[in-house]
Amino acid sequence: LIDSLKSIVGPKGFLDGDDIDTRYTNDVMGTPGGTPILVVRPSDTDEVSKVLAACHEAGQPVSTRGGNTGLVQGGIPDAGEVVLSLERMTKIEEFDVQGGTMTVQAGAILQTVQETAEEKNLTFPLDLGARGSCTIGGNISTNAGGNRVIRYGMTRNLVLGIEAVMADGTVINGLHKLVKNNSGYDLKHLFIGSEGTLGVVTRAVLKLSPLTNGQSVALCGLKDFNSVVSLLGHMKGALGPSLSAFEVMWQNYYEVAFKLMPGGAKPPFETPFPFYVLVESQGKDNDKDREAMEEALGEAFESQIIENAVIAKSDAEIAENWKIRDLSAEVGASMRPGFTYDISLPVEEMETCFAELKAELTEKWPDHSLVIFGHLGDGNVHVFIKDGTDTPDKGAISECIYRLTGQHQGSISAEHGIGLQKRDYLHHSRTPEEIALMKALKNTMDPKNILNPGRIFESPVNKT
Ligand SMILES: Cc1cc2nc3c(=O)[nH]c(=O)nc-3n(C[C@H](O)[C@H](O)[C@H](O)COP(=O)(O)OP(=O)(O)OC[C@H]3O[C@@H](n4cnc5c(N)ncnc54)[C@H](O)[C@@H]3O)c2cc1C
């Protein structure tokens with residue numbers, strides 16, 4: 001099998017033995033995987049198809065790898081797997097400026113796609129901190145969310161067509177450019193968000209939007225969570241579709257993040273607030289956007305929804321306001337050995353859920369620290385928990401937060417996926433019938449269970 005895979009991809013297309021370094025075994029957080037028997041780096045769809053056909057024939061498990069920025073250990077290989085890396089499939093194949101679409105190979109880097117679109121006054125609005133390394137194939141396979149979901153939706157909303165290779169090597173060419181296409185099942189959705197367990201995404205048609213040149217950003221201080229919810233409703237009504245971000249920081253996040261701001265930044269407010277909200281609008285013109293933001297926040301102040309607000313007056317101030325929200329990775333690192341959680345909750349359940357979480361943490365781990373922030377506009381919050389002991393019990397803390405999330409009709413994974421990391425907790429968000437249907441799909445599309453086996457749920461068939 002190894003010889004045959006090597007001959008399919010040619011000398012530039014594989015790594016073996018000592019040439020396989022940690023780039024192909026560990027994840028972005030340094031979590032180690034097992035040693036693969038071979039890394040293949042196909043250069044086109046045909047090679048991917050032949051590689052998978054050979055692996056299928058031999059019952060050989062395959063671990064697919066994009067930019068390796070996934071956060072749930074879905075892309076780290078088990079010992080003995082073949083790693084299939086899309087790193088040589090980075091071409092932008094077609095840019096239809098008129099139609100507002102771009103057709104790319106799955107290994108194209110998100111930032112390259114963004115920059116290419118902007119050269120023609122268009123935007124691919126998916127945006128996340130890992131933009132410089134993550135790939136379109138990875139974004140599609142994890143249905144990535146990010147900063148602008150409130151306005152443009154998740155990756156699922158930004159993809160018109162997909163080409164994917166099934167486990168047995170069959171190529172499903174669904175590279176459609178149509179917005180309306182109800183001719184039977186919309187098969188692209190089988191591959192979006194299925195974390196490489198149902199097929200390998202090889203190419204995609206991306207939907208572009210007009211580039212917005214204007215941007216206005218404000219930081220608001222609020223007295224309680226009800227005010228945060230009221231502000232969200234108010235800003236949606238006042239700014240309409242130009243509302244592009246609504247990021248909430250609980251005081252516990254804001255205080256830790258502010259201390260980490262580079263260059264001794266001055267606090268924008270004289271007094272602290274229980275909640276901080278970063279609101280962003282993106283329109284056609286900076287001045288008009290700022291006026292609309294001022295008017296909307298003026299009304300919110302009159303109605304006592306917000307206590308105070310500062311509106312950024314320059315690009316530097318916009319960057320500074322975003323900086324505090326973008327320091328999340330550093331805040332997480334400062335809380336080690338702690339754990340980070342990416343969950344979704346209905347907005348009306350959040351306050352009660354977090355009060356119950358706080359009470360349970362206090363009872364079990366009196367010295368714990370809890371930090372909460374997130375994209376509240378789409379119900380997604382990130383939670384950092386450090387239990388304050390010398391022997392942190394990740395399993396017990398995870399069970400606690402995921403159980404409460406399930407009880408409050410939330411999702412244990414808002415945007416990062418399940419991978420290996422959340423596999424044991426899937427039942428908190430999905431019914432037994434839903435999980436059974438997922439397994440039935442997996443069995444149909446990958447009967448020998450060779451694609452990312454064991455990720456998302458226990459393997460439905462025995463590993464070969
Ligand atoms: C600093 C930072 C910030 C982040 N911010 C966000 C955020 O705001 N929102 C968000 O949603 N995520 C975020 N992430 C997580 C991550 O960036 C996304 O999940 C991203 O979409 C993964 O893309 P990737 O190319 O790195 O995929 P990888 O990490 O390589 O793979 C992720 C999963 O997809 C599978 N996969 C990869 N490529 C393919 C393919 N072509 N076909 C089939 N399966 C494939 C892999 O097997 C694996 O299961 C962040 C990560 C970091 C490090």
# chains A, B, ... in the order shown; residues from 1 in each chain; ligands from 1
>>> closest_atom_pairs(of="region 186-234 of chain A", to="region 70-82 of chain A", cutoff="10 Å", atoms="only C-alpha atoms", output="CSV")
residue,atom,partner,partner_atom,distance
A:Glu195,CA,A:Gly74,CA,7.1
A:Gly196,CA,A:Gly74,CA,8.5
A:Thr197,CA,A:Gly74,CA,9.6
>>> select_by_dssp(residues="region 34-212 of chain A", states="strand (DSSP E or B)", output="ChimeraX atom specification")
/A:38-40,62-65,82-85,92-96,101-105,109,122-123,127,135,146,159-165,171-174,200-207,209-210
>>> write_last_selection(atoms="C-alpha atoms", output="JSON list (two decimals), in the first residue's frame")
[["chain", "number", "residue", "atom", "x", "y", "z"],
["A", 38, "LEU", "CA", 3.05, 7.92, 5.74],
["A", 39, "VAL", "CA", 2.18, 11.56, 5.02],
["A", 40, "VAL", "CA", 0.73, 12.08, 1.53],
["A", 62, "VAL", "CA", -6.71, 8.23, 6.93],
["A", 63, "SER", "CA", -6.38, 11.45, 8.97],
["A", 64, "THR", "CA", -7.04, 14.58, 6.89],
["A", 65, "ARG", "CA", -5.11, 17.76, 7.65],
["A", 82, "VAL", "CA", -2.02, 7.78, 6.77],
["A", 83, "VAL", "CA", -1.98, 11.58, 7.04],
["A", 84, "LEU", "CA", -3.53, 13.26, 3.98],
["A", 85, "SER", "CA", -2.38, 16.88, 3.90],
["A", 92, "ILE", "CA", -7.28, 30.00, -6.54],
["A", 93, "GLU", "CA", -8.66, 28.49, -9.74],
["A", 94, "GLU", "CA", -11.24, 31.04, -10.77],
["A", 95, "PHE", "CA", -12.29, 34.52, -9.62],
["A", 96, "ASP", "CA", -15.65, 35.52, -11.07],
["A", 101, "THR", "CA", -17.65, 33.89, -6.59],
["A", 102, "MET", "CA", -14.21, 32.39, -6.16],
["A", 103, "THR", "CA", -13.35, 28.75, -6.87],
["A", 104, "VAL", "CA", -10.43, 27.50, -4.80],
["A", 105, "GLN", "CA", -8.62, 24.31, -3.93],
["A", 109, "ILE", "CA", -5.28, 29.77, 3.14],
["A", 122, "LEU", "CA", -15.15, 42.23, -2.78],
["A", 123, "THR", "CA", -14.94, 40.42, 0.52],
["A", 127, "ASP", "CA", -12.80, 35.91, 9.62],
["A", 135, "THR", "CA", -7.51, 26.51, 5.10],
["A", 146, "GLY", "CA", -15.68, 33.66, 13.81],
["A", 159, "VAL", "CA", -20.22, 28.28, 0.31],
["A", 160, "LEU", "CA", -22.16, 27.73, -2.93],
["A", 161, "GLY", "CA", -20.58, 24.52, -4.17],
["A", 162, "ILE", "CA", -18.21, 21.80, -3.03],
["A", 163, "GLU", "CA", -16.18, 19.06, -4.64],
["A", 164, "ALA", "CA", -15.38, 16.23, -2.25],
["A", 165, "VAL", "CA", -13.87, 12.79, -2.51],
["A", 171, "VAL", "CA", -15.40, 12.24, -6.69],
["A", 172, "ILE", "CA", -18.61, 14.16, -5.95],
["A", 173, "ASN", "CA", -18.40, 17.25, -8.15],
["A", 174, "GLY", "CA", -20.87, 19.75, -6.72],
["A", 200, "VAL", "CA", -12.30, 14.93, 1.87],
["A", 201, "VAL", "CA", -13.18, 18.40, 0.57],
["A", 202, "THR", "CA", -10.97, 19.14, -2.45],
["A", 203, "ARG", "CA", -12.43, 22.30, -4.04],
["A", 204, "ALA", "CA", -15.11, 24.87, -3.24],
["A", 205, "VAL", "CA", -17.03, 27.75, -4.80],
["A", 206, "LEU", "CA", -17.11, 30.60, -2.27],
["A", 207, "LYS", "CA", -19.74, 33.35, -2.16],
["A", 209, "SER", "CA", -19.96, 40.07, -0.84],
["A", 210, "PRO", "CA", -19.34, 43.72, -1.70]]
>>> atom_distance(atom1="CA of Ala238 (chain A)", atom2="CA of Ala296 (chain A)")
5.9 Å
>>> select_by_dssp(residues="region 35-82 of chain A", states="helix (DSSP H, G or I)", output="ChimeraX atom specification")
/A:45-58
>>> residues_around(residues="region 327-329 of chain A", least_positions_apart="2", cutoff="9 Å", atoms="only C-alpha atoms", output="ChimeraX atom specification")
/A:253,257-258,260-261,322-325,331-334,373
>>> atom_distance(atom1="CA of Ser413 (chain A)", atom2="atom 36 (N, counted along the ligand's line) of ligand 1")
16.6 Å
>>> closest_residue(among="A:Leu404, A:Val371, A:Leu15, A:Leu376", to="Pro346 (chain A)", atoms="only C-alpha atoms")
A:Leu376
>>> residues_around(residues="Gln251 (chain A)", least_positions_apart="4", cutoff="12 Å", atoms="only C-alpha atoms", output="count of residues only")
20
>>> atom_distance(atom1="CA of Asp387 (chain A)", atom2="CA of Glu363 (chain A)")
11.1 Å
>>> residues_around(residues="Asp289 (chain A)", least_positions_apart="6", cutoff="12 Å", atoms="only C-alpha atoms", output="PDB file with N, CA, C and O atoms, in the first residue's frame")
ATOM      1  N   THR A 212     -17.088  46.413   2.288  1.00  0.00           N
ATOM      2  CA  THR A 212     -17.582  47.587   3.005  1.00  0.00           C
ATOM      3  C   THR A 212     -16.376  48.407   3.437  1.00  0.00           C
ATOM      4  O   THR A 212     -15.471  47.890   4.089  1.00  0.00           O
ATOM      5  N   ASN A 213     -16.360  49.677   3.063  1.00  0.00           N
ATOM      6  CA  ASN A 213     -15.176  50.492   3.381  1.00  0.00           C
ATOM      7  C   ASN A 213     -15.300  51.176   4.732  1.00  0.00           C
ATOM      8  O   ASN A 213     -14.311  51.542   5.344  1.00  0.00           O
ATOM      9  N   GLY A 214     -16.520  51.384   5.172  1.00  0.00           N
ATOM     10  CA  GLY A 214     -16.716  52.106   6.437  1.00  0.00           C
ATOM     11  C   GLY A 214     -16.706  51.147   7.617  1.00  0.00           C
ATOM     12  O   GLY A 214     -17.077  49.987   7.493  1.00  0.00           O
ATOM     13  N   GLN A 215     -16.258  51.659   8.761  1.00  0.00           N
ATOM     14  CA  GLN A 215     -16.259  50.828   9.975  1.00  0.00           C
ATOM     15  C   GLN A 215     -16.376  51.741  11.191  1.00  0.00           C
ATOM     16  O   GLN A 215     -15.706  52.772  11.266  1.00  0.00           O
ATOM     17  N   SER A 216     -17.258  51.387  12.086  1.00  0.00           N
ATOM     18  CA  SER A 216     -17.354  52.141  13.326  1.00  0.00           C
ATOM     19  C   SER A 216     -17.384  51.155  14.485  1.00  0.00           C
ATOM     20  O   SER A 216     -18.060  50.127  14.407  1.00  0.00           O
ATOM     21  N   VAL A 217     -16.618  51.469  15.531  1.00  0.00           N
ATOM     22  CA  VAL A 217     -16.503  50.540  16.664  1.00  0.00           C
ATOM     23  C   VAL A 217     -16.682  51.312  17.963  1.00  0.00           C
ATOM     24  O   VAL A 217     -16.118  52.398  18.135  1.00  0.00           O
ATOM     25  N   ALA A 218     -17.486  50.754  18.853  1.00  0.00           N
ATOM     26  CA  ALA A 218     -17.680  51.393  20.159  1.00  0.00           C
ATOM     27  C   ALA A 218     -17.533  50.356  21.258  1.00  0.00           C
ATOM     28  O   ALA A 218     -17.831  49.180  21.066  1.00  0.00           O
ATOM     29  N   ALA A 238     -31.477  49.422  15.263  1.00  0.00           N
ATOM     30  CA  ALA A 238     -30.957  50.729  14.857  1.00  0.00           C
ATOM     31  C   ALA A 238     -29.968  50.622  13.686  1.00  0.00           C
ATOM     32  O   ALA A 238     -29.962  51.474  12.796  1.00  0.00           O
ATOM     33  N   LEU A 239     -29.143  49.609  13.659  1.00  0.00           N
ATOM     34  CA  LEU A 239     -28.095  49.529  12.625  1.00  0.00           C
ATOM     35  C   LEU A 239     -28.449  48.568  11.496  1.00  0.00           C
ATOM     36  O   LEU A 239     -27.789  48.571  10.452  1.00  0.00           O
ATOM     37  N   GLY A 240     -29.469  47.755  11.711  1.00  0.00           N
ATOM     38  CA  GLY A 240     -29.900  46.827  10.655  1.00  0.00           C
ATOM     39  C   GLY A 240     -28.770  45.926  10.211  1.00  0.00           C
ATOM     40  O   GLY A 240     -27.934  45.509  11.028  1.00  0.00           O
ATOM     41  N   SER A 242     -26.037  46.475   8.868  1.00  0.00           N
ATOM     42  CA  SER A 242     -24.628  46.880   9.007  1.00  0.00           C
ATOM     43  C   SER A 242     -24.032  46.494  10.367  1.00  0.00           C
ATOM     44  O   SER A 242     -22.816  46.591  10.551  1.00  0.00           O
ATOM     45  N   LEU A 243     -24.863  46.023  11.298  1.00  0.00           N
ATOM     46  CA  LEU A 243     -24.297  45.519  12.563  1.00  0.00           C
ATOM     47  C   LEU A 243     -23.448  44.283  12.256  1.00  0.00           C
ATOM     48  O   LEU A 243     -23.944  43.276  11.771  1.00  0.00           O
ATOM     49  N   SER A 244     -22.130  44.381  12.506  1.00  0.00           N
ATOM     50  CA  SER A 244     -21.255  43.289  12.078  1.00  0.00           C
ATOM     51  C   SER A 244     -20.591  42.552  13.234  1.00  0.00           C
ATOM     52  O   SER A 244     -20.011  41.477  13.025  1.00  0.00           O
ATOM     53  N   VAL A 279     -19.288  46.885  20.061  1.00  0.00           N
ATOM     54  CA  VAL A 279     -20.233  46.869  18.933  1.00  0.00           C
ATOM     55  C   VAL A 279     -19.498  47.378  17.704  1.00  0.00           C
ATOM     56  O   VAL A 279     -18.770  48.376  17.781  1.00  0.00           O
ATOM     57  N   GLU A 280     -19.721  46.712  16.579  1.00  0.00           N
ATOM     58  CA  GLU A 280     -19.097  47.167  15.331  1.00  0.00           C
ATOM     59  C   GLU A 280     -20.157  47.244  14.236  1.00  0.00           C
ATOM     60  O   GLU A 280     -21.037  46.380  14.156  1.00  0.00           O
ATOM     61  N   SER A 281     -20.077  48.315  13.440  1.00  0.00           N
ATOM     62  CA  SER A 281     -20.918  48.351  12.236  1.00  0.00           C
ATOM     63  C   SER A 281     -19.998  48.556  11.036  1.00  0.00           C
ATOM     64  O   SER A 281     -18.944  49.189  11.135  1.00  0.00           O
ATOM     65  N   GLN A 282     -20.397  47.981   9.915  1.00  0.00           N
ATOM     66  CA  GLN A 282     -19.616  48.143   8.690  1.00  0.00           C
ATOM     67  C   GLN A 282     -20.553  48.589   7.577  1.00  0.00           C
ATOM     68  O   GLN A 282     -21.508  47.894   7.247  1.00  0.00           O
ATOM     69  N   GLY A 283     -20.276  49.784   7.041  1.00  0.00           N
ATOM     70  CA  GLY A 283     -21.120  50.301   5.962  1.00  0.00           C
ATOM     71  C   GLY A 283     -20.253  50.828   4.849  1.00  0.00           C
ATOM     72  O   GLY A 283     -19.129  50.390   4.645  1.00  0.00           O
ATOM     73  N   GLU A 295     -25.757  57.975  17.123  1.00  0.00           N
ATOM     74  CA  GLU A 295     -27.197  58.146  17.341  1.00  0.00           C
ATOM     75  C   GLU A 295     -27.775  56.944  18.094  1.00  0.00           C
ATOM     76  O   GLU A 295     -28.500  57.087  19.071  1.00  0.00           O
ATOM     77  N   ALA A 296     -27.405  55.736  17.645  1.00  0.00           N
ATOM     78  CA  ALA A 296     -27.952  54.519  18.272  1.00  0.00           C
ATOM     79  C   ALA A 296     -27.514  54.428  19.734  1.00  0.00           C
ATOM     80  O   ALA A 296     -28.315  54.101  20.618  1.00  0.00           O
ATOM     81  N   ILE A 311     -16.647  55.812  21.496  1.00  0.00           N
ATOM     82  CA  ILE A 311     -16.640  55.433  20.082  1.00  0.00           C
ATOM     83  C   ILE A 311     -15.258  55.726  19.524  1.00  0.00           C
ATOM     84  O   ILE A 311     -14.724  56.835  19.716  1.00  0.00           O
ATOM     85  N   ALA A 312     -14.658  54.742  18.857  1.00  0.00           N
ATOM     86  CA  ALA A 312     -13.300  54.923  18.327  1.00  0.00           C
ATOM     87  C   ALA A 312     -13.293  56.031  17.281  1.00  0.00           C
ATOM     88  O   ALA A 312     -14.178  56.096  16.429  1.00  0.00           O
ATOM     89  N   LYS A 313     -12.269  56.906  17.372  1.00  0.00           N
ATOM     90  CA  LYS A 313     -12.220  58.062  16.457  1.00  0.00           C
ATOM     91  C   LYS A 313     -11.218  57.858  15.313  1.00  0.00           C
ATOM     92  O   LYS A 313     -11.118  58.689  14.432  1.00  0.00           O
TER      93      LYS A 313
END
>>> closest_residue(among="A:Gly100, A:Pro267, A:Gly454, A:Pro392", to="ligand 1", atoms="only C-alpha atoms and all ligand atoms")
A:Gly454
>>> residues_around(residues="Asn157 (chain A)", least_positions_apart="6", cutoff="12 Å", atoms="only C-alpha atoms", output="mmCIF file with C-alpha atoms, in the first residue's frame")
data_model
loop_
_atom_site.group_PDB
_atom_site.id
_atom_site.type_symbol
_atom_site.label_atom_id
_atom_site.label_comp_id
_atom_site.auth_asym_id
_atom_site.auth_seq_id
_atom_site.Cartn_x
_atom_site.Cartn_y
_atom_site.Cartn_z
ATOM 1 C CA PHE A 124 -14.961 36.815 1.695
ATOM 2 C CA PRO A 125 -16.346 37.712 5.103
ATOM 3 C CA LEU A 126 -15.350 34.631 7.102
ATOM 4 C CA ASN A 139 -13.106 26.004 7.528
ATOM 5 C CA ILE A 140 -15.688 24.027 5.557
ATOM 6 C CA ASN A 143 -18.212 24.959 9.583
ATOM 7 C CA ALA A 144 -16.100 27.721 11.138
ATOM 8 C CA GLY A 145 -17.810 30.763 12.640
ATOM 9 C CA ARG A 148 -18.810 38.339 11.668
ATOM 10 C CA VAL A 149 -21.404 35.555 11.977
ATOM 11 C CA ILE A 150 -24.051 37.998 13.173
ATOM 12 C CA ARG A 151 -23.995 39.621 9.734
ATOM 13 C CA VAL A 179 -27.751 30.530 -5.001
ATOM 14 C CA LYS A 188 -22.652 19.981 0.132
ATOM 15 C CA HIS A 189 -24.145 20.134 3.621
ATOM 16 C CA ILE A 192 -19.799 21.070 5.761
ATOM 17 C CA GLY A 193 -19.210 20.633 9.495
ATOM 18 C CA VAL A 205 -17.032 27.752 -4.803
ATOM 19 C CA LEU A 206 -17.113 30.598 -2.273
ATOM 20 C CA LYS A 207 -19.735 33.346 -2.164
ATOM 21 C CA LEU A 208 -18.267 36.868 -2.021
ATOM 22 C CA SER A 209 -19.963 40.066 -0.843
#
>>> closest_residue(among="A:Glu434, A:Asp424, A:Asp287, A:Asp27", to="ligand 1", atoms="only C-alpha atoms and all ligand atoms")
A:Asp27
>>> residues_around(residues="Gly406 (chain A)", least_positions_apart="5", cutoff="8 Å", atoms="only C-alpha atoms", output="PyMOL selection string")
chain A and resi 411-412+428-429
>>> write_last_selection(atoms="all heavy atoms", output="tab-separated table (two decimals), in the first residue's frame")
chain	number	residue	atom	x	y	z
A	411	SER	N	-25.59	24.19	23.03
A	411	SER	CA	-24.75	23.26	22.27
A	411	SER	C	-23.36	23.20	22.90
A	411	SER	O	-22.76	24.25	23.18
A	411	SER	CB	-24.63	23.72	20.81
A	411	SER	OG	-23.59	23.01	20.19
A	412	ILE	N	-22.83	21.97	23.07
A	412	ILE	CA	-21.50	21.84	23.68
A	412	ILE	C	-20.40	22.27	22.72
A	412	ILE	O	-19.24	22.37	23.10
A	412	ILE	CB	-21.23	20.39	24.17
A	412	ILE	CG1	-21.22	19.42	22.99
A	412	ILE	CG2	-22.23	19.97	25.23
A	412	ILE	CD1	-20.46	18.15	23.30
A	428	HIS	N	-24.94	15.32	25.50
A	428	HIS	CA	-25.56	16.45	26.21
A	428	HIS	C	-26.26	17.39	25.23
A	428	HIS	O	-27.09	18.20	25.63
A	428	HIS	CB	-24.51	17.24	27.00
A	428	HIS	CG	-24.04	16.52	28.23
A	428	HIS	ND1	-24.88	16.07	29.21
A	428	HIS	CD2	-22.78	16.16	28.62
A	428	HIS	CE1	-24.19	15.48	30.17
A	428	HIS	NE2	-22.91	15.52	29.83
A	429	SER	N	-25.87	17.35	23.94
A	429	SER	CA	-26.46	18.27	22.96
A	429	SER	C	-27.28	17.57	21.89
A	429	SER	O	-28.00	18.23	21.15
A	429	SER	CB	-25.36	19.05	22.22
A	429	SER	OG	-24.83	20.03	23.04
